[in-house]
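What follows is a single structure, written as structure tokens, with notes after it.
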Amino acid sequence: MSTFIQKLDQVEAEVRSNRQLMANLEARLAKLELASRSQTNGNEVKKEKSASQLKKEAKQKEKDEKFRAKQEKLKAAKAQTKESKPKNEEKKDVKEPQAVLYTSKTNPGEKKDTKCQLPDAYSPRYVEAAWYEWWEKMGFFKPEIAEKYFPLSTGEQREKFVMAMPPPNVTGTLHLGHALMCSIEDVLTRWHRMLGHETLWCPGFDHAGIATQVVVEKKVKREQNKTRHDLGREAFVDEIWKWKNEKGDTIAKQLKRIGSSCDWDRARFTMDDVSVKAVLETFIQMHEKGLIYRSKRLVNWSCALNSAISDIEVDKTPLKGRTMLNIPGYKEKIEFGTLTSFAYRVVESKESNVETGEEIVIATTRPETMLGDTAICVHPNDDRYKSLVGKYVTHPFVERKIPIIADEMVDQNFGTGAVKITPAHDANDFDCGKRHSLPFVTVIDDKGFMTAECGQFSAMKRFEARKAVVAALKEKGLFKEVKDTETVLPICSRSKDVIEPMLKSQWYVNCKEMAAKAVSAVREKRLKIVPDFHEQVWYRWLEDCHDWCISRQLWWGHRIPAYHVRIKGQTQSDDTDNTYWVSAHTRQLAMQKALARFSNLKADDIELHHDEDVLDTWFSSGIFPFSICGWPEKTSDMQKYYPGTLLETGHDILFFWVARMVMMGEEMCGTLPFDTIYLHAIIRDAHGRKMSKSLGNIIDPLDVIDGITLENLHKQLENYNLDSREIEKAVKGQKEDFPNGIPECGTDALRFALCAYTAQGRDINLDVLRIQGYRHFCNKLWNAAKFAMMNGLSSSFVPKDSLDYLKNNLTQLRGMDKWMLSRLSETVKICDSGFRSFDLTSVTTALFNYWLYDLCDYYIEYLKPSFYTKDQTEQQKALFDNSREVLYTCLDIGLRLISPFMPFISEELYQRLPRRKPDSDPPSICVTRYPLPKDFDLFGNADLEMSVKLSQEAINKIRSLRSDYQLTIKTKTDVYVKSIDAGLEKALRDFQDLILTMTNGKMIEFLTDGKEQPSGCAFTTLSDKCKIYIMLKGIIDADKEELKLNKKKDLLLKSIDNLKKEMAKPDYGTRVPENVRAKNQDKMSQLTNEVALIDDGLKQLQNMKS
């Protein structure tokens, strides 16, 4: 019923009509202007005009005057409309409020002045000033604080909550992914602290071997035009330490700005003395147990970095076909995504060069590696090649005969059914080479050049050799074809170089038994993974866990404490023979171990060669949970805080970091490092893209907190070590995503938004600008508390010393007071359940609804008339005093509930609320007890909440009806309710004061005993058993409304008639496409429904006039 009355369609029709009039007028004015210019043009000769022309011009002039008058009228109407437009409709024209700064003199670490007046509007910079330094100085972030503010009852045991922060890489500044991690971890930490648990959140920083070395190498090249080899190892490492000292401080400041309540006195850096000792000791013990060993295998080799890298640092890039890519070290783009076929010619025997006239064709995506082929392999059941198995082909470019072998690894239905085997440069070929004892020929060196084994192609760059090899195959008539193919190209995430599988002697960790223990821990429920669907990933990875390569050919990191024993006068042993390797903290201790092993030798007979490589960064990260406690020393922290409670991190490093911590914790300490793993989603941008510096979508959390202009976003790209093409791409991305920069949102809004996004296990497509919506939520919270403190909770208000007063006087409270306490009880319950199940989204949703809808939109609005009533009776005063106690309780508890998410605004407002026990209450909200369901269960009242919910539905219906008739706030109306549902009527009667308050009602009458509503009412239906009427007689002009509706009806009927004529044409079914016919049918239904609604409206208007 309400739809037909809405003026939206009428207004739109009038706007379209006015636009057309304006367009016609502007066209006519343009003609007049042209005519005027034509008449004043001195170069033209004026002609005598005829009488008919003069008459025509006079008529045109009259029309133009009318149009001018119409234009002025439209402009005036438009201006008037703009002036009368409600403020909430002018938001687009309103600028963001200027930031208010905290100006009171407060030394760092001193408590903030809360006696000064609150700013009118929420200002993040004002709110966030001074609190963090005070919290830190007061020691609120230390685990020992629990004993001071949360005394235990007799016999009660204090719970512990211990968590290590995943140490961010020292490779620059934090991004929103880190902000998500820190927000979640800090929220959980603050919640446990407010529960009175002995809470330790230990921060740390990772040295990030490859990432850091790459960044500093670029920096040295850019600033000094030198390579690390020009500087030498020691000087280069000194450069990294300088850079780390600069960036490490930046990251710590960022973490503090985000509100991270870590124990900073326990902060660890993975290259500090305590960590180095733990890392070296771990290696030594595992080496001596035989869990770490030396072996020669294929590794992921980055020629640009000149180092092996881990799987997580390899981006597997899918290619659909021929693709040209920029590769470091090459001026021109290199072709990938093609399959080159060529032939090997069969010879009579291994010793003979005589060709039999037969050939075997193979295909490869890497033609340059054919220089390292040592076999051709076919399936043993492939009849096409059975006669060739055991024969040889001759290599066209090097002196090598290549056997044709049979192996079931070959898919005989793929390609030609024959594959080349290059054991030294392909993982599958490596295994095949082992099985058939083939030679391993390395044809690409560490820097990506072809080796001396490559004959005429030696010393060429590998991708230049690719072209040369294909050209040479063509010359010899061996080339067959090249075609597009789908493939996956491994790219180094650090250097953007193509990964080369290389045969290297490296250190490995035997993971088999440790992985089996980690699997058992989850299967036996000793280790819990949240969300639990990640368990399948855990099993899949660890049940097929390969040994872990931990060697890295870098200068920055923990140098491997292994020494190769070389005996003078003897041929140097194979460096994969573990007999000749000892490990120790120092060279002196290594010599002692070497002499103990080779007891027949003296120190002068031995040379020790310290391994040049460093350990994989994940090795030091893998022992982080116990290295932060001072292991291997038996420190007090090791005794109290290992094992920990929780490990929280992104699901993308479940295997690379989390699994290794579990394996190494059990191996080195005999226990799991934590009992629960919580894996959060991964942040992507609003378009679902991975965060990338080159895309320009990497966002510093401080830029969201403080706001930043687009120009300054562009300037930040200069610090990212991007080349000119990447910068151009990033600038474009920033312009598209942040055309007006990023608005100031504040820390609390950022934290709350990130936690609100954490739907478990899913990637987060984060629209940064949506965080601004939570800044507005902060403002709502701010205004609610400020309004309450200026009115009902002014300086004269003194709260009761406990909740017992409300519990004992619950029956004396008004219905809405009881309802608000019931909503509080439910919110406490949801928050408690959500925290315990790591469902932070449900907690943020409950808190948002509680503050915005329950407290602000309903309860405070309901209380406002009481605030403004001057002369109250004794009974009214008593009821109002109870309401003030309820309001205080709801603000106090509401601030505590939201404090873990919004620590700054909650502290600011909490400090300004009066205290129940000012002499003994804790000094800060962050060490005040978190609300528990058991303390609020008494307030829960489901029946009462249902009654209010029905009343709220009635309120929404009445508001919608008032909106249909464009009634202003000042216009009060009589309300009539007619219901045949006794329960519904009782609910509305019980809360009729709420209905009148929230709908600007003058009075409300319940029509019973067959009584009818008076004439002149409009109605809406609350249900099929309840109608609500509002009196409009004397408020609106019924004749005018009737005229408007009839005009609209005429237009609709005309449209229906035209559509009917079109659909009645004989060839309609064949001429008009099916989708258009469907749209026409929908349009006909819509038009018919609109006419029916208008008819209902006309009947109501007739009733008003009767």
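Each chain in the structure tokens gets a letter, A, B, ..., in the order shown, and its residues are numbered from 1; ligands are numbered from 1 in order too.
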Contact residues around range 431-445 of chain A with only C-alpha atoms at 9 Å, ignoring same-chain residues under 3 positions, as JSON, numbers by chain: {"A": [303, 368, 369, 371, 372, 373, 374, 375, 405, 407, 409, 421, 422, 423, 424, 425, 426, 427, 428, 448, 449, 450, 451, 452, 453, 454, 458, 461, 462, 500, 502, 503]}
For range 123-125 of chain A: contacts at 7 Å, only C-alpha atoms, fewer than 3 positions along chain excluded, given as a VMD selection string: chain A and resid 99 to 101 128 to 129 746
Those selected residues, please, written with N, CA, C and O atoms and delivered as a compact mmCIF listing (two decimals), in the first residue's frame.
```txt
# COMPACT_ATOMS: atom_id res chain seq x y z
N ALA A 99 40.43 17.53 11.96
CA ALA A 99 40.94 16.75 13.07
C ALA A 99 41.16 17.65 14.29
O ALA A 99 41.73 18.74 14.18
N VAL A 100 40.67 17.18 15.43
CA VAL A 100 40.89 17.89 16.68
C VAL A 100 42.08 17.23 17.37
O VAL A 100 42.14 16.01 17.49
N LEU A 101 43.03 18.03 17.82
CA LEU A 101 44.24 17.50 18.43
C LEU A 101 44.18 17.62 19.95
O LEU A 101 43.55 18.53 20.49
N GLU A 128 43.52 8.96 20.31
CA GLU A 128 44.64 8.02 20.38
C GLU A 128 45.89 8.62 21.02
O GLU A 128 46.86 7.91 21.26
N ALA A 129 45.87 9.90 21.30
CA ALA A 129 47.05 10.56 21.88
C ALA A 129 47.28 10.09 23.32
O ALA A 129 46.34 9.96 24.10
N GLY A 746 41.46 6.22 11.59
CA GLY A 746 41.79 5.95 12.98
C GLY A 746 42.10 4.48 13.24
O GLY A 746 41.68 3.60 12.49
```
Shell around Ser387 in chain A at 12 Å using only C-alpha atoms, local window under 3 positions removed, as a ChimeraX atom specification: /A:346,358,360,378,380-384,390-392,404-406
Given only C-alpha atoms as the counted atoms, nearest of A:Ala343, A:Met816, A:Ala785, A:Ile529 to Leu473 in chain A: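 Of the candidates, the smallest distance to Leu473 in chain A is held by A:Ala343.
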Contact residues around Glu464 in chain A with only C-alpha atoms at 12 Å, ignoring same-chain residues under 2 positions, as number ranges by chain: A: 327, 329-335, 366-368, 448-450, 457-462, 466-471
Atoms to include: N, CA and C atoms. Write the selected residues as a PDB file, in the first residue's frame.
```pdb
ATOM      1  N   ILE A 327      62.929 -10.555 -18.046  1.00  0.00           N
ATOM      2  CA  ILE A 327      63.725 -11.369 -17.133  1.00  0.00           C
ATOM      3  C   ILE A 327      64.967 -10.578 -16.735  1.00  0.00           C
ATOM      4  N   GLY A 329      68.523  -9.259 -16.215  1.00  0.00           N
ATOM      5  CA  GLY A 329      69.765  -9.548 -16.929  1.00  0.00           C
ATOM      6  C   GLY A 329      69.612  -9.603 -18.441  1.00  0.00           C
ATOM      7  N   TYR A 330      68.377  -9.428 -18.956  1.00  0.00           N
ATOM      8  CA  TYR A 330      68.144  -9.470 -20.405  1.00  0.00           C
ATOM      9  C   TYR A 330      67.475  -8.174 -20.849  1.00  0.00           C
ATOM     10  N   LYS A 331      67.987  -7.604 -21.925  1.00  0.00           N
ATOM     11  CA  LYS A 331      67.428  -6.347 -22.424  1.00  0.00           C
ATOM     12  C   LYS A 331      66.093  -6.574 -23.120  1.00  0.00           C
ATOM     13  N   GLU A 332      65.985  -7.677 -23.854  1.00  0.00           N
ATOM     14  CA  GLU A 332      64.761  -7.966 -24.585  1.00  0.00           C
ATOM     15  C   GLU A 332      63.932  -9.006 -23.833  1.00  0.00           C
ATOM     16  N   LYS A 333      62.638  -9.000 -24.120  1.00  0.00           N
ATOM     17  CA  LYS A 333      61.753  -9.980 -23.499  1.00  0.00           C
ATOM     18  C   LYS A 333      62.080 -11.385 -24.004  1.00  0.00           C
ATOM     19  N   ILE A 334      61.842 -12.361 -23.127  1.00  0.00           N
ATOM     20  CA  ILE A 334      62.135 -13.757 -23.448  1.00  0.00           C
ATOM     21  C   ILE A 334      60.832 -14.512 -23.665  1.00  0.00           C
ATOM     22  N   GLU A 335      60.842 -15.411 -24.650  1.00  0.00           N
ATOM     23  CA  GLU A 335      59.651 -16.178 -24.989  1.00  0.00           C
ATOM     24  C   GLU A 335      59.518 -17.414 -24.102  1.00  0.00           C
ATOM     25  N   ARG A 366      62.165 -26.261 -22.786  1.00  0.00           N
ATOM     26  CA  ARG A 366      63.466 -25.668 -22.436  1.00  0.00           C
ATOM     27  C   ARG A 366      64.547 -26.257 -23.360  1.00  0.00           C
ATOM     28  N   PRO A 367      64.586 -25.828 -24.623  1.00  0.00           N
ATOM     29  CA  PRO A 367      65.533 -26.417 -25.587  1.00  0.00           C
ATOM     30  C   PRO A 367      66.988 -26.356 -25.146  1.00  0.00           C
ATOM     31  N   GLU A 368      67.368 -25.333 -24.374  1.00  0.00           N
ATOM     32  CA  GLU A 368      68.768 -25.193 -23.973  1.00  0.00           C
ATOM     33  C   GLU A 368      69.230 -26.348 -23.097  1.00  0.00           C
ATOM     34  N   GLY A 448      73.632 -18.440 -14.338  1.00  0.00           N
ATOM     35  CA  GLY A 448      72.746 -18.553 -15.479  1.00  0.00           C
ATOM     36  C   GLY A 448      73.446 -18.600 -16.827  1.00  0.00           C
ATOM     37  N   PHE A 449      74.742 -18.921 -16.836  1.00  0.00           N
ATOM     38  CA  PHE A 449      75.493 -19.049 -18.089  1.00  0.00           C
ATOM     39  C   PHE A 449      75.700 -20.529 -18.408  1.00  0.00           C
ATOM     40  N   MET A 450      75.827 -20.843 -19.680  1.00  0.00           N
ATOM     41  CA  MET A 450      76.060 -22.227 -20.089  1.00  0.00           C
ATOM     42  C   MET A 450      77.497 -22.617 -19.729  1.00  0.00           C
ATOM     43  N   PHE A 457      78.099 -23.565 -27.372  1.00  0.00           N
ATOM     44  CA  PHE A 457      77.171 -22.673 -26.661  1.00  0.00           C
ATOM     45  C   PHE A 457      77.720 -22.247 -25.290  1.00  0.00           C
ATOM     46  N   SER A 458      78.908 -22.672 -24.957  1.00  0.00           N
ATOM     47  CA  SER A 458      79.503 -22.345 -23.660  1.00  0.00           C
ATOM     48  C   SER A 458      79.578 -20.829 -23.462  1.00  0.00           C
ATOM     49  N   ALA A 459      79.364 -20.405 -22.214  1.00  0.00           N
ATOM     50  CA  ALA A 459      79.466 -19.004 -21.788  1.00  0.00           C
ATOM     51  C   ALA A 459      78.294 -18.142 -22.273  1.00  0.00           C
ATOM     52  N   MET A 460      77.366 -18.731 -23.020  1.00  0.00           N
ATOM     53  CA  MET A 460      76.172 -17.978 -23.403  1.00  0.00           C
ATOM     54  C   MET A 460      75.213 -17.891 -22.203  1.00  0.00           C
ATOM     55  N   LYS A 461      74.418 -16.805 -22.156  1.00  0.00           N
ATOM     56  CA  LYS A 461      73.327 -16.760 -21.184  1.00  0.00           C
ATOM     57  C   LYS A 461      72.314 -17.838 -21.560  1.00  0.00           C
ATOM     58  N   ARG A 462      71.685 -18.420 -20.554  1.00  0.00           N
ATOM     59  CA  ARG A 462      70.837 -19.602 -20.802  1.00  0.00           C
ATOM     60  C   ARG A 462      69.717 -19.340 -21.815  1.00  0.00           C
ATOM     61  N   ARG A 466      69.113 -20.686 -25.661  1.00  0.00           N
ATOM     62  CA  ARG A 466      67.860 -21.309 -26.124  1.00  0.00           C
ATOM     63  C   ARG A 466      67.631 -20.999 -27.598  1.00  0.00           C
ATOM     64  N   LYS A 467      67.746 -19.736 -27.965  1.00  0.00           N
ATOM     65  CA  LYS A 467      67.553 -19.332 -29.361  1.00  0.00           C
ATOM     66  C   LYS A 467      68.623 -19.966 -30.252  1.00  0.00           C
ATOM     67  N   ALA A 468      69.860 -19.952 -29.746  1.00  0.00           N
ATOM     68  CA  ALA A 468      70.971 -20.469 -30.539  1.00  0.00           C
ATOM     69  C   ALA A 468      70.842 -21.972 -30.782  1.00  0.00           C
ATOM     70  N   VAL A 469      70.385 -22.704 -29.774  1.00  0.00           N
ATOM     71  CA  VAL A 469      70.206 -24.147 -29.919  1.00  0.00           C
ATOM     72  C   VAL A 469      69.138 -24.445 -30.965  1.00  0.00           C
ATOM     73  N   VAL A 470      68.027 -23.735 -30.936  1.00  0.00           N
ATOM     74  CA  VAL A 470      66.955 -23.951 -31.912  1.00  0.00           C
ATOM     75  C   VAL A 470      67.456 -23.649 -33.321  1.00  0.00           C
ATOM     76  N   ALA A 471      68.222 -22.551 -33.444  1.00  0.00           N
ATOM     77  CA  ALA A 471      68.752 -22.193 -34.763  1.00  0.00           C
ATOM     78  C   ALA A 471      69.704 -23.281 -35.277  1.00  0.00           C
TER      79      ALA A 471
END
```
Near-range 1030-1047 of chain A list (9 Å; only C-alpha atoms; drop same-chain fewer than 4 positions) as a PyMOL selection string: chain A and resi 4-5+10+958+961-962+965+967+971+973-977+1001+1014-1020+1051-1052+1094-1095+1097-1098+1101-1102+1104-1105
Helix (DSSP H, G or I) call set, DSSP backbone run, range 837-1005 of chain A, as a PyMOL selection string: chain A and resi 840-868+874-898+903-910+925-927+933-935+937-939+942-964+982-990+992-999
